[in-house]
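Student: The file below is run.tsv, TSV, C-alpha atoms and all ligand atoms:
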chain	number	residue	atom	x	y	z
Z	1	MET	CA	-10.06	13.90	43.36
Z	2	SER	CA	-7.24	14.48	40.89
Z	3	LYS	CA	-3.95	12.76	41.73
Z	4	GLY	CA	-2.07	15.10	39.42
Z	5	ARG	CA	-1.92	16.13	35.77
Z	6	ILE	CA	-1.17	13.68	32.99
Z	7	PHE	CA	0.21	14.52	29.56
Z	8	SER	CA	0.89	11.93	26.90
Z	9	GLY	CA	1.13	11.82	23.12
Z	10	VAL	CA	1.06	9.56	20.10
Z	11	GLN	CA	2.35	10.22	16.59
Z	12	PRO	CA	-0.08	10.25	13.65
Z	13	THR	CA	2.19	8.21	11.40
Z	14	GLY	CA	0.05	5.34	10.18
Z	15	ASN	CA	-2.21	3.05	12.14
Z	16	LEU	CA	-2.02	2.46	15.85
Z	17	HIS	CA	-0.90	-1.06	16.73
Z	18	LEU	CA	-1.20	-3.43	19.65
Z	19	GLY	CA	2.04	-2.05	21.17
Z	20	ASN	CA	0.60	1.48	21.29
Z	21	TYR	CA	-2.62	0.11	22.72
Z	22	LEU	CA	-1.17	-2.12	25.44
Z	23	GLY	CA	1.87	0.03	26.23
Z	24	ALA	CA	0.08	3.37	26.40
Z	25	ILE	CA	-3.51	3.96	25.30
Z	26	ARG	CA	-5.17	1.38	27.50
Z	27	ASN	CA	-3.40	2.97	30.47
Z	28	TRP	CA	-4.52	6.45	29.36
Z	29	VAL	CA	-8.12	5.23	29.50
Z	30	ALA	CA	-7.64	3.68	32.94
Z	31	LEU	CA	-5.99	6.81	34.37
Z	32	GLN	CA	-8.34	9.45	32.97
Z	33	SER	CA	-10.79	9.36	35.86
Z	34	ASP	CA	-8.12	9.76	38.56
Z	35	PHE	CA	-5.96	12.42	36.89
Z	36	GLU	CA	-6.57	15.61	34.99
Z	37	SER	CA	-5.66	14.17	31.58
Z	38	ILE	CA	-4.30	15.79	28.43
Z	39	TYR	CA	-3.80	13.53	25.42
Z	40	CYS	CA	-2.23	14.76	22.22
Z	41	VAL	CA	-1.88	13.62	18.62
Z	42	VAL	CA	1.64	14.90	18.05
Z	43	ASP	CA	1.58	16.05	14.42
Z	44	LEU	CA	4.55	18.41	14.88
Z	45	HIS	CA	6.62	15.38	15.88
Z	46	ALA	CA	5.40	13.47	12.83
Z	47	VAL	CA	6.94	15.99	10.40
Z	48	THR	CA	10.45	15.35	11.73
Z	49	VAL	CA	10.46	12.79	8.91
Z	50	PRO	CA	8.85	13.52	5.50
Z	51	GLN	CA	5.03	13.22	5.45
Z	52	ASP	CA	2.55	13.39	2.62
Z	53	PRO	CA	0.16	16.24	3.65
Z	54	ALA	CA	-3.04	14.39	2.74
Z	55	ALA	CA	-1.89	11.24	4.53
Z	56	LEU	CA	-0.90	13.24	7.63
Z	57	ARG	CA	-4.34	14.89	7.78
Z	58	GLN	CA	-6.06	11.52	7.40
Z	59	SER	CA	-3.83	9.82	9.92
Z	60	THR	CA	-4.38	12.58	12.51
Z	61	ARG	CA	-8.14	12.04	12.29
Z	62	GLU	CA	-7.76	8.25	12.36
Z	63	VAL	CA	-5.57	8.31	15.44
Z	64	ALA	CA	-7.97	10.70	17.19
Z	65	ALA	CA	-10.88	8.40	16.27
Z	66	SER	CA	-9.08	5.33	17.55
Z	67	LEU	CA	-8.29	7.03	20.85
Z	68	ILE	CA	-11.96	7.90	21.31
Z	69	ALA	CA	-12.97	4.38	20.20
Z	70	SER	CA	-10.52	2.94	22.76
Z	71	GLY	CA	-12.35	4.77	25.53
Z	72	ILE	CA	-10.83	8.25	25.90
Z	73	ASP	CA	-13.71	10.37	27.19
Z	74	THR	CA	-13.34	13.78	25.57
Z	75	LYS	CA	-15.85	15.33	27.95
Z	76	THR	CA	-13.37	14.99	30.80
Z	77	ALA	CA	-9.97	14.31	29.19
Z	78	ILE	CA	-8.54	16.87	26.76
Z	79	LEU	CA	-7.80	15.48	23.28
Z	80	PHE	CA	-6.23	17.65	20.58
Z	81	ASN	CA	-3.59	17.76	17.88
Z	82	GLN	CA	-0.35	19.44	18.82
Z	83	SER	CA	-0.06	21.92	15.93
Z	84	GLN	CA	-3.22	23.74	17.04
Z	85	VAL	CA	-1.53	24.87	20.27
Z	86	LYS	CA	1.44	27.07	19.38
Z	87	GLU	CA	2.80	26.99	22.94
Z	88	HIS	CA	4.36	23.57	22.20
Z	89	ALA	CA	6.60	24.91	19.42
Z	90	GLU	CA	7.41	28.06	21.33
Z	91	LEU	CA	8.48	26.26	24.50
Z	92	GLY	CA	10.32	23.73	22.31
Z	93	TRP	CA	12.50	26.58	21.01
Z	94	LEU	CA	13.17	27.86	24.52
Z	95	PHE	CA	14.20	24.35	25.57
Z	96	ASN	CA	16.56	24.16	22.57
Z	97	CYS	CA	18.38	26.91	24.44
Z	98	VAL	CA	18.43	24.91	27.70
Z	99	ALA	CA	19.25	21.35	26.53
Z	100	ARG	CA	22.88	20.57	25.67
Z	101	LEU	CA	24.22	18.91	22.53
Z	102	GLY	CA	25.80	16.24	24.72
Z	103	TRP	CA	22.39	15.26	26.11
Z	104	LEU	CA	20.81	14.95	22.67
Z	105	ASN	CA	23.80	13.04	21.33
Z	106	ARG	CA	22.99	10.23	23.76
Z	107	MET	CA	19.42	9.69	22.48
Z	108	THR	CA	19.16	6.15	21.16
Z	109	GLN	CA	15.92	6.79	19.23
Z	110	PHE	CA	17.63	9.46	17.11
Z	111	LYS	CA	20.42	7.03	16.31
Z	112	GLU	CA	17.91	4.32	15.36
Z	113	LYS	CA	15.70	6.62	13.28
Z	114	ALA	CA	18.48	8.53	11.54
Z	115	GLY	CA	20.28	5.27	10.71
Z	116	LYS	CA	23.45	5.38	8.66
Z	117	ASN	CA	22.52	8.50	6.75
Z	118	ARG	CA	22.72	10.82	9.73
Z	119	GLU	CA	23.86	13.87	7.75
Z	120	ASN	CA	20.56	13.76	5.91
Z	121	ALA	CA	18.31	13.63	9.00
Z	122	THR	CA	16.32	16.79	9.71
Z	123	VAL	CA	17.34	19.13	12.51
Z	124	GLY	CA	13.82	18.53	13.84
Z	125	LEU	CA	14.47	14.80	14.23
Z	126	TYR	CA	17.58	15.60	16.24
Z	127	SER	CA	15.85	18.08	18.54
Z	128	TYR	CA	12.69	15.95	18.79
Z	129	PRO	CA	13.23	15.30	22.55
Z	130	THR	CA	13.25	19.03	23.40
Z	131	LEU	CA	9.82	19.38	21.76
Z	132	MET	CA	8.65	16.34	23.70
Z	133	ALA	CA	9.85	17.97	26.93
Z	134	ALA	CA	7.93	21.10	25.91
Z	135	ASP	CA	4.75	19.04	25.34
Z	136	ILE	CA	4.88	17.79	28.89
Z	137	LEU	CA	6.17	20.89	30.67
Z	138	ALA	CA	3.89	23.38	28.86
Z	139	TYR	CA	1.25	21.90	31.18
Z	140	CYS	CA	3.53	21.36	34.19
Z	141	ALA	CA	2.36	17.73	33.93
Z	142	THR	CA	3.23	15.54	36.91
Z	143	HIS	CA	2.78	12.10	35.30
Z	144	VAL	CA	3.45	10.70	31.82
Z	145	PRO	CA	2.04	7.26	30.90
Z	146	VAL	CA	4.20	5.78	28.12
Z	147	GLY	CA	5.67	2.51	26.86
Z	148	GLU	CA	9.18	1.45	27.83
Z	149	ASP	CA	10.76	2.94	24.67
Z	150	GLN	CA	10.06	6.53	25.83
Z	151	LYS	CA	11.98	6.19	29.09
Z	152	GLN	CA	15.11	7.95	27.89
Z	153	HIS	CA	13.10	10.89	26.52
Z	154	LEU	CA	11.39	11.23	29.89
Z	155	GLU	CA	14.75	11.32	31.65
Z	156	LEU	CA	15.81	14.14	29.33
Z	157	THR	CA	12.56	15.99	30.12
Z	158	ARG	CA	13.43	15.76	33.81
Z	159	ASP	CA	16.95	17.05	33.11
Z	160	ILE	CA	15.57	20.01	31.16
Z	161	ALA	CA	13.09	20.85	33.94
Z	162	MET	CA	15.81	20.70	36.57
Z	163	SER	CA	18.29	22.66	34.49
Z	164	PHE	CA	15.74	25.42	33.74
Z	165	ASN	CA	14.91	25.72	37.44
Z	166	SER	CA	18.55	25.99	38.44
Z	167	MET	CA	19.55	28.35	35.56
Z	168	PHE	CA	16.92	30.85	36.69
Z	169	GLY	CA	16.90	30.11	40.41
Z	170	VAL	CA	13.22	29.10	40.46
Z	171	GLU	CA	11.13	26.07	41.47
Z	172	PHE	CA	8.91	26.37	38.43
Z	173	PHE	CA	8.79	23.06	36.54
Z	174	PRO	CA	7.90	19.81	38.34
Z	175	GLN	CA	9.86	16.59	37.77
Z	176	PRO	CA	7.35	14.58	35.72
Z	177	GLU	CA	7.09	10.90	36.66
Z	178	PRO	CA	6.99	8.29	33.89
Z	179	LEU	CA	4.20	5.74	34.34
Z	180	ILE	CA	5.42	2.62	32.56
Z	181	GLN	CA	2.91	-0.03	33.45
Z	182	GLY	CA	2.22	-3.71	33.08
Z	183	THR	CA	3.68	-6.71	31.32
Z	184	ALA	CA	3.03	-5.16	27.92
Z	185	ALA	CA	5.10	-1.96	28.31
Z	186	ARG	CA	7.27	-3.36	25.51
Z	187	VAL	CA	5.37	-5.40	22.93
Z	188	MET	CA	7.70	-7.03	20.43
Z	189	SER	CA	7.43	-7.73	16.70
Z	190	LEU	CA	5.47	-10.88	15.75
Z	191	ARG	CA	8.37	-11.86	13.48
Z	192	ASN	CA	11.29	-11.14	15.80
Z	193	GLY	CA	10.94	-11.30	19.57
Z	194	THR	CA	14.00	-9.11	20.08
Z	195	SER	CA	12.79	-6.07	18.15
Z	196	LYS	CA	9.96	-3.74	19.15
Z	197	MET	CA	6.53	-3.83	17.44
Z	198	SER	CA	6.64	-0.64	15.41
Z	199	LYS	CA	4.65	1.37	12.87
Z	200	SER	CA	7.77	1.85	10.80
Z	201	ASP	CA	8.57	-1.86	10.31
Z	202	GLU	CA	8.35	-2.62	6.58
Z	203	SER	CA	6.37	-5.82	7.06
Z	204	ASP	CA	2.77	-5.42	8.21
Z	205	PHE	CA	2.90	-9.00	9.51
Z	206	THR	CA	5.15	-7.86	12.37
Z	207	ARG	CA	2.28	-6.00	14.05
Z	208	ILE	CA	-1.45	-6.07	14.72
Z	209	ASN	CA	-3.10	-2.78	13.83
Z	210	LEU	CA	-6.22	-1.57	15.60
Z	211	THR	CA	-7.80	-1.43	12.13
Z	212	ASP	CA	-7.08	-5.08	11.18
Z	213	ASP	CA	-10.14	-7.21	10.53
Z	214	VAL	CA	-10.87	-10.57	12.16
Z	215	ASP	CA	-9.30	-12.68	9.39
Z	216	LEU	CA	-6.14	-10.60	9.24
Z	217	ILE	CA	-5.62	-10.75	13.01
Z	218	ALA	CA	-6.05	-14.54	12.98
Z	219	SER	CA	-3.68	-14.95	10.05
Z	220	LYS	CA	-1.00	-12.65	11.52
Z	221	LEU	CA	-1.03	-14.58	14.80
Z	222	LYS	CA	-1.03	-17.93	13.01
Z	223	LYS	CA	2.09	-16.87	11.10
Z	224	ALA	CA	3.77	-15.30	14.16
Z	225	LYS	CA	7.26	-16.70	14.73
Z	226	THR	CA	7.48	-19.25	17.55
Z	227	ASP	CA	9.62	-22.22	18.48
Z	228	PRO	CA	8.74	-25.94	18.41
Z	229	GLU	CA	8.59	-26.39	22.22
Z	230	PRO	CA	5.33	-26.42	24.16
Z	231	LEU	CA	4.70	-23.53	26.57
Z	232	PRO	CA	6.38	-23.92	29.97
Z	233	SER	CA	4.38	-23.96	33.21
Z	234	GLU	CA	6.65	-21.41	34.92
Z	235	ILE	CA	7.92	-17.99	33.83
Z	236	ASP	CA	11.57	-19.09	34.12
Z	237	GLY	CA	10.92	-21.42	31.20
Z	238	LEU	CA	10.41	-18.38	28.92
Z	239	ALA	CA	14.00	-17.17	29.31
Z	240	ASP	CA	15.76	-17.38	25.92
Z	241	ARG	CA	12.40	-17.82	24.16
Z	242	PRO	CA	11.67	-14.18	23.18
Z	243	GLU	CA	8.86	-14.96	20.72
Z	244	ALA	CA	7.02	-17.23	23.15
Z	245	ARG	CA	7.52	-14.69	25.92
Z	246	ASN	CA	6.08	-11.92	23.73
Z	247	LEU	CA	2.91	-13.87	22.88
Z	248	VAL	CA	2.36	-14.78	26.52
Z	249	GLY	CA	2.92	-11.11	27.46
Z	250	ILE	CA	0.35	-10.01	24.87
Z	251	TYR	CA	-2.15	-12.56	26.20
Z	252	ALA	CA	-1.55	-11.32	29.75
Z	253	GLY	CA	-1.85	-7.67	28.69
Z	254	LEU	CA	-5.09	-8.21	26.79
Z	255	SER	CA	-6.72	-10.33	29.47
Z	256	GLY	CA	-5.51	-8.31	32.46
Z	257	ARG	CA	-4.09	-11.52	33.96
Z	258	THR	CA	-0.52	-12.25	35.03
Z	259	GLU	CA	1.91	-14.21	32.85
Z	260	ALA	CA	2.16	-16.81	35.62
Z	261	ASP	CA	-1.59	-17.27	35.50
Z	262	ILE	CA	-1.55	-17.71	31.70
Z	263	LEU	CA	1.22	-20.30	31.96
Z	264	SER	CA	-0.64	-22.22	34.63
Z	265	GLU	CA	-3.50	-22.52	32.12
Z	266	PHE	CA	-1.48	-23.19	28.95
Z	267	GLY	CA	1.73	-24.80	30.29
Z	268	GLY	CA	2.49	-28.03	28.42
Z	269	GLN	CA	0.32	-27.02	25.43
Z	270	GLY	CA	1.75	-26.26	22.00
Z	271	PHE	CA	1.24	-23.13	19.91
Z	272	GLY	CA	-1.39	-24.98	17.88
Z	273	VAL	CA	-3.64	-24.50	20.91
Z	274	PHE	CA	-2.29	-21.22	22.25
Z	275	LYS	CA	-2.32	-19.17	19.03
Z	276	PRO	CA	-6.04	-19.65	18.25
Z	277	ALA	CA	-6.90	-18.78	21.87
Z	278	LEU	CA	-4.75	-15.65	21.57
Z	279	ALA	CA	-6.42	-14.76	18.27
Z	280	ASP	CA	-9.90	-15.06	19.82
Z	281	LEU	CA	-8.87	-12.87	22.74
Z	282	THR	CA	-7.22	-10.25	20.48
Z	283	ILE	CA	-10.25	-10.10	18.23
Z	284	SER	CA	-12.58	-9.69	21.21
Z	285	VAL	CA	-10.60	-6.61	22.32
Z	286	ILE	CA	-9.69	-5.04	18.94
Z	287	SER	CA	-12.84	-5.56	16.86
Z	288	PRO	CA	-15.16	-3.37	18.94
Z	289	ILE	CA	-12.52	-0.61	18.79
Z	290	SER	CA	-12.15	-0.74	15.01
Z	291	GLU	CA	-15.94	-0.84	14.50
Z	292	LYS	CA	-16.38	2.25	16.64
Z	293	MET	CA	-13.46	3.96	14.95
Z	294	ASN	CA	-14.93	3.37	11.49
Z	295	ALA	CA	-18.27	4.77	12.63
Z	296	LEU	CA	-16.56	7.90	14.04
Z	297	LEU	CA	-14.58	8.44	10.83
Z	298	LYS	CA	-17.80	8.80	8.84
Z	299	ASP	CA	-18.13	12.28	10.34
Z	300	GLU	CA	-14.82	14.10	9.94
Z	301	THR	CA	-16.34	17.44	10.94
Z	302	GLU	CA	-17.22	15.97	14.33
Z	303	ILE	CA	-13.64	14.76	14.88
Z	304	ASP	CA	-12.23	18.12	13.79
Z	305	GLN	CA	-14.59	19.83	16.23
Z	306	ILE	CA	-13.49	17.58	19.10
Z	307	LEU	CA	-9.83	18.37	18.33
Z	308	ALA	CA	-10.52	22.10	18.09
Z	309	ASP	CA	-12.38	22.09	21.43
Z	310	GLY	CA	-9.55	20.11	23.01
Z	311	ALA	CA	-7.00	22.58	21.61
Z	312	GLU	CA	-8.85	25.48	23.16
Z	313	ARG	CA	-8.93	23.78	26.56
Z	314	ALA	CA	-5.24	22.88	26.23
Z	315	ARG	CA	-4.32	26.46	25.35
Z	316	ALA	CA	-6.17	27.75	28.39
Z	317	ILE	CA	-3.71	25.76	30.54
Z	318	SER	CA	-0.49	26.20	28.56
Z	319	ALA	CA	-0.71	29.89	27.56
Z	320	PRO	CA	-0.42	31.25	31.16
Z	321	ILE	CA	2.42	28.78	31.86
Z	322	LEU	CA	4.29	30.03	28.77
Z	323	ALA	CA	3.71	33.64	29.80
Z	324	GLU	CA	5.32	32.88	33.16
Z	325	VAL	CA	8.25	31.06	31.54
Z	326	LYS	CA	8.90	34.06	29.28
Z	327	ASP	CA	8.71	36.42	32.22
Z	328	ILE	CA	11.20	34.29	34.17
Z	329	MET	CA	13.57	34.35	31.18
Z	330	GLY	CA	13.40	38.11	30.83
Z	331	PHE	CA	11.34	38.70	27.70
Z	332	VAL	CA	9.56	42.05	27.49
Z	333	ALA	CA	5.78	41.84	27.08
Z	334	LYS	CA	2.97	44.24	27.69
R	401	LIG	P1	4.75	6.74	19.59
R	401	LIG	O1	3.78	7.42	18.70
R	401	LIG	O2	5.88	6.00	18.96
R	401	LIG	O3	3.98	5.71	20.51
R	401	LIG	C1	2.85	6.09	21.31
R	401	LIG	C2	2.90	5.34	22.63
R	401	LIG	O4	2.92	3.92	22.40
R	401	LIG	C3	4.02	3.33	23.09
R	401	LIG	N1	4.56	2.23	22.27
R	401	LIG	C4	4.72	0.97	22.73
R	401	LIG	N2	4.46	0.42	23.92
R	401	LIG	C5	4.72	-0.91	24.07
R	401	LIG	N3	5.24	-1.68	23.06
R	401	LIG	C6	5.52	-1.16	21.84
R	401	LIG	N4	5.99	-1.93	20.87
R	401	LIG	C7	5.26	0.23	21.63
R	401	LIG	N5	5.40	1.07	20.57
R	401	LIG	C8	4.98	2.29	20.98
R	401	LIG	C9	5.04	4.46	23.22
R	401	LIG	O5	5.94	4.22	24.29
R	401	LIG	C10	4.15	5.66	23.46
R	401	LIG	O6	3.83	5.77	24.83
R	401	LIG	N6	7.70	10.37	21.34
R	401	LIG	C11	6.41	9.74	21.50
R	401	LIG	C12	5.23	10.68	21.36
R	401	LIG	C13	5.27	11.88	22.26
R	401	LIG	C14	5.04	11.89	23.65
R	401	LIG	C15	5.14	13.27	24.04
R	401	LIG	C16	4.75	10.91	24.60
R	401	LIG	C17	5.51	13.16	21.85
R	401	LIG	N7	5.42	13.99	22.92
R	401	LIG	C18	4.98	13.65	25.36
R	401	LIG	C19	4.59	11.32	25.92
R	401	LIG	C20	4.70	12.68	26.29
R	401	LIG	C21	6.26	8.67	20.43
R	401	LIG	O7	6.89	8.73	19.40
R	401	LIG	O8	5.31	7.75	20.69
Here is a file; write its structure as structure tokens.

Tutor:
Amino acid sequence: MSKGRIFSGVQPTGNLHLGNYLGAIRNWVALQSDFESIYCVVDLHAVTVPQDPAALRQSTREVAASLIASGIDTKTAILFNQSQVKEHAELGWLFNCVARLGWLNRMTQFKEKAGKNRENATVGLYSYPTLMAADILAYCATHVPVGEDQKQHLELTRDIAMSFNSMFGVEFFPQPEPLIQGTAARVMSLRNGTSKMSKSDESDFTRINLTDDVDLIASKLKKAKTDPEPLPSEIDGLADRPEARNLVGIYAGLSGRTEADILSEFGGQGFGVFKPALADLTISVISPISEKMNALLKDETEIDQILADGAERARAISAPILAEVKDIMGFVAK
């Protein structure tokens, strides 16, 4: 029986990495049998920063293929790309007229992404969180599995839902619950344990991509920043050792074991032992995904068909919700 309705999304801006996988996608796969699940490749979000059209098209298909290769079952879960369902953009506009400048001004991701040259950022980048709220609320989703970095956007989504309900005196939108799960909800860069593993980091050696081959994974982990101390036997010993903590967290995430359990096995050992074990584990999880993804990408028509079918199923849910929203707001329609 369904425990509720899930919506979550991922941007098609380059390859998916281990942070996306451990922080979000693996949880999407685990949740899809218990919840009605809607998963979206958010191409409208991607164009908030400049994109090359051919690269965007390719990346959308690659991300869709890697989600399927990771275990999203498109017979039950809905998988589609955002731009094929116009309700997202339409509700996004309506939410631009609900959200307040003060709320958006607090968004840390806008500050990070816009950087110093804020005057040159697109209006879309600034209002990104209202479109994200629309993604979720166009389906009246009850749960949103995401990594730690999306927490603030989810809080804004809840504020928008509440504000809409009180502006119009209705109990229409639910308060969606973030599902931020596991030790790997925030996977850090392999080169700096205090900054997040990210697609936009200039150096590819900061992240492991789902498309990396065996040799590249091994070499990235071998070169990962660490300290000269052996691993501690207790979690307390990882305080002030962000790089060591990150690698142990990744090992725990990939193996489904606790950090304490990993430290009881590797405590007292140096990284010369731990890193090769981590590389073997990473390869055993990632390689089958990239093989399957490459096989799927040989037939682009098939991927496009899956996305089109998913879009149709998504529209069947969101179109009536949008019609109700517009009625509540007082728009005339026949
Ligand atoms: P995006 O594309 O940056 O990331 C997709 C998912 O991966 C998670 N994630 C991480 N988790 C752990 N460690 C990391 N280093 C790491 N990096 C990324 C993200 O938290 C996310 O869950 N704004 C969203 C996309 C979006 C969305 C939505 C999500 C648009 N609409 C509606 C949920 C619901 C984003 O940019 O994710």

Student: Once you count all atoms listed in the file, which residues end up within 8 Å of ligand LIG 401 (chain R), and could you hand them over as a PyMOL selection string?

Tutor: chain Z and resi 7-13+17-25+40+42+45+128-129+131-133+135-136+144-151+153-154+184-189+196-199

Student: Using only C-alpha atoms, please write the residues we just selected to a file, as a CSV table (one decimal), in the coordinates of the input.

Tutor:
chain,number,residue,atom,x,y,z
Z,7,PHE,CA,0.2,14.5,29.6
Z,8,SER,CA,0.9,11.9,26.9
Z,9,GLY,CA,1.1,11.8,23.1
Z,10,VAL,CA,1.1,9.6,20.1
Z,11,GLN,CA,2.4,10.2,16.6
Z,12,PRO,CA,-0.1,10.2,13.6
Z,13,THR,CA,2.2,8.2,11.4
Z,17,HIS,CA,-0.9,-1.1,16.7
Z,18,LEU,CA,-1.2,-3.4,19.6
Z,19,GLY,CA,2.0,-2.0,21.2
Z,20,ASN,CA,0.6,1.5,21.3
Z,21,TYR,CA,-2.6,0.1,22.7
Z,22,LEU,CA,-1.2,-2.1,25.4
Z,23,GLY,CA,1.9,0.0,26.2
Z,24,ALA,CA,0.1,3.4,26.4
Z,25,ILE,CA,-3.5,4.0,25.3
Z,40,CYS,CA,-2.2,14.8,22.2
Z,42,VAL,CA,1.6,14.9,18.0
Z,45,HIS,CA,6.6,15.4,15.9
Z,128,TYR,CA,12.7,16.0,18.8
Z,129,PRO,CA,13.2,15.3,22.6
Z,131,LEU,CA,9.8,19.4,21.8
Z,132,MET,CA,8.6,16.3,23.7
Z,133,ALA,CA,9.8,18.0,26.9
Z,135,ASP,CA,4.8,19.0,25.3
Z,136,ILE,CA,4.9,17.8,28.9
Z,144,VAL,CA,3.4,10.7,31.8
Z,145,PRO,CA,2.0,7.3,30.9
Z,146,VAL,CA,4.2,5.8,28.1
Z,147,GLY,CA,5.7,2.5,26.9
Z,148,GLU,CA,9.2,1.4,27.8
Z,149,ASP,CA,10.8,2.9,24.7
Z,150,GLN,CA,10.1,6.5,25.8
Z,151,LYS,CA,12.0,6.2,29.1
Z,153,HIS,CA,13.1,10.9,26.5
Z,154,LEU,CA,11.4,11.2,29.9
Z,184,ALA,CA,3.0,-5.2,27.9
Z,185,ALA,CA,5.1,-2.0,28.3
Z,186,ARG,CA,7.3,-3.4,25.5
Z,187,VAL,CA,5.4,-5.4,22.9
Z,188,MET,CA,7.7,-7.0,20.4
Z,189,SER,CA,7.4,-7.7,16.7
Z,196,LYS,CA,10.0,-3.7,19.2
Z,197,MET,CA,6.5,-3.8,17.4
Z,198,SER,CA,6.6,-0.6,15.4
Z,199,LYS,CA,4.6,1.4,12.9

Student: Compare Z:Gly310, Z:Gly270, Z:Pro50, Z:Gly14 by their minimum atom-to-atom distance to Z:Asp73, counting all atoms listed in the file, and give me the closest one.

Tutor: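 Residue with the minimum atom-to-atom distance to Z:Asp73: Z:Gly310.
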
Student: Would you mind listing what lies within 12 Å of Z:Leu263 as a list of chain:residue names, with only C-alpha atoms counted and same-chain residues fewer than 2 positions away left out?

Tutor: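 Residues meeting the cut-off are Z:Pro230, Z:Leu231, Z:Pro232, Z:Ser233, Z:Glu234, Z:Ile235, Z:Asp236, Z:Gly237, Z:Leu238, Z:Ala244, Z:Arg245, Z:Leu247, Z:Val248, Z:Gly249, Z:Tyr251, Z:Ala252, Z:Arg257, Z:Thr258, Z:Glu259, Z:Ala260, Z:Asp261, Z:Glu265, Z:Phe266, Z:Gly267, Z:Gly268, Z:Gln269, Z:Gly270, Z:Phe274.
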
Student: Which value, in Å to one decimal, gives the distance between atom CA of Z:Thr206 and atom CA of Z:Asn27?

Tutor: 22.8 Å

Student: Measure the distance from atom CA of Z:Phe173 to atom CA of Z:Glu87 in Å and round it to one decimal.

Tutor: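 It comes out at 15.4 Å.
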
Student: Please determine, counting only C-alpha atoms, which residue among Z:Leu16, Z:Met329, Z:Ala141, Z:Val285 has the shortest atom-to-atom distance to Z:Tyr39.

Tutor: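 Closest to Z:Tyr39, using only C-alpha atoms: Z:Ala141.
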
Student: May I have the residues within 12 Å of Z:Ala323 as a list of chain:residue names, using all atoms listed in the file and disregarding those fewer than 5 positions away in the same chain?

Tutor: Z:Glu87, Z:Glu90, Z:Leu91, Z:Ala138, Z:Arg315, Z:Ala316, Z:Ile317, Z:Ser318, Z:Ile328, Z:Met329, Z:Gly330, Z:Phe331, Z:Val332, Z:Ala333, Z:Lys334

Student: Which neighbours of Z:Val98 fall inside 10 Å, counting only C-alpha atoms, when residues of the same chain fewer than 6 positions from it are skipped, and could you give them as number ranges by chain?

Tutor: Z: 92, 130, 159-161, 163-164, 167

Student: Could you add N, CA, C and O atoms to stretch 237-246 of chain Z and give me the result as an mmCIF file, keeping the file's coordinate frame?

Tutor:
data_model
loop_
_atom_site.group_PDB
_atom_site.id
_atom_site.type_symbol
_atom_site.label_atom_id
_atom_site.label_comp_id
_atom_site.auth_asym_id
_atom_site.auth_seq_id
_atom_site.Cartn_x
_atom_site.Cartn_y
_atom_site.Cartn_z
ATOM 1 N N GLY Z 237 10.822 -20.647 32.442
ATOM 2 C CA GLY Z 237 10.920 -21.420 31.200
ATOM 3 C C GLY Z 237 10.819 -20.555 29.947
ATOM 4 O O GLY Z 237 11.015 -21.045 28.832
ATOM 5 N N LEU Z 238 10.503 -19.260 30.100
ATOM 6 C CA LEU Z 238 10.410 -18.380 28.920
ATOM 7 C C LEU Z 238 11.731 -17.676 28.619
ATOM 8 O O LEU Z 238 11.864 -17.022 27.581
ATOM 9 N N ALA Z 239 12.692 -17.813 29.553
ATOM 10 C CA ALA Z 239 14.000 -17.170 29.310
ATOM 11 C C ALA Z 239 14.572 -17.760 28.028
ATOM 12 O O ALA Z 239 14.407 -18.951 27.756
ATOM 13 N N ASP Z 240 15.204 -16.951 27.213
ATOM 14 C CA ASP Z 240 15.760 -17.380 25.920
ATOM 15 C C ASP Z 240 14.704 -17.839 24.921
ATOM 16 O O ASP Z 240 15.022 -18.533 23.949
ATOM 17 N N ARG Z 241 13.443 -17.509 25.164
ATOM 18 C CA ARG Z 241 12.400 -17.820 24.160
ATOM 19 C C ARG Z 241 11.611 -16.523 23.915
ATOM 20 O O ARG Z 241 10.441 -16.404 24.312
ATOM 21 N N PRO Z 242 12.276 -15.523 23.265
ATOM 22 C CA PRO Z 242 11.670 -14.180 23.180
ATOM 23 C C PRO Z 242 10.305 -14.156 22.487
ATOM 24 O O PRO Z 242 9.419 -13.414 22.892
ATOM 25 N N GLU Z 243 10.134 -15.004 21.447
ATOM 26 C CA GLU Z 243 8.860 -14.960 20.720
ATOM 27 C C GLU Z 243 7.722 -15.518 21.584
ATOM 28 O O GLU Z 243 6.629 -14.961 21.643
ATOM 29 N N ALA Z 244 8.026 -16.639 22.270
ATOM 30 C CA ALA Z 244 7.020 -17.230 23.150
ATOM 31 C C ALA Z 244 6.678 -16.253 24.281
ATOM 32 O O ALA Z 244 5.514 -16.027 24.609
ATOM 33 N N ARG Z 245 7.707 -15.649 24.819
ATOM 34 C CA ARG Z 245 7.520 -14.690 25.920
ATOM 35 C C ARG Z 245 6.628 -13.525 25.471
ATOM 36 O O ARG Z 245 5.740 -13.079 26.201
ATOM 37 N N ASN Z 246 6.861 -13.048 24.245
ATOM 38 C CA ASN Z 246 6.080 -11.920 23.730
ATOM 39 C C ASN Z 246 4.600 -12.291 23.615
ATOM 40 O O ASN Z 246 3.717 -11.545 24.032
#
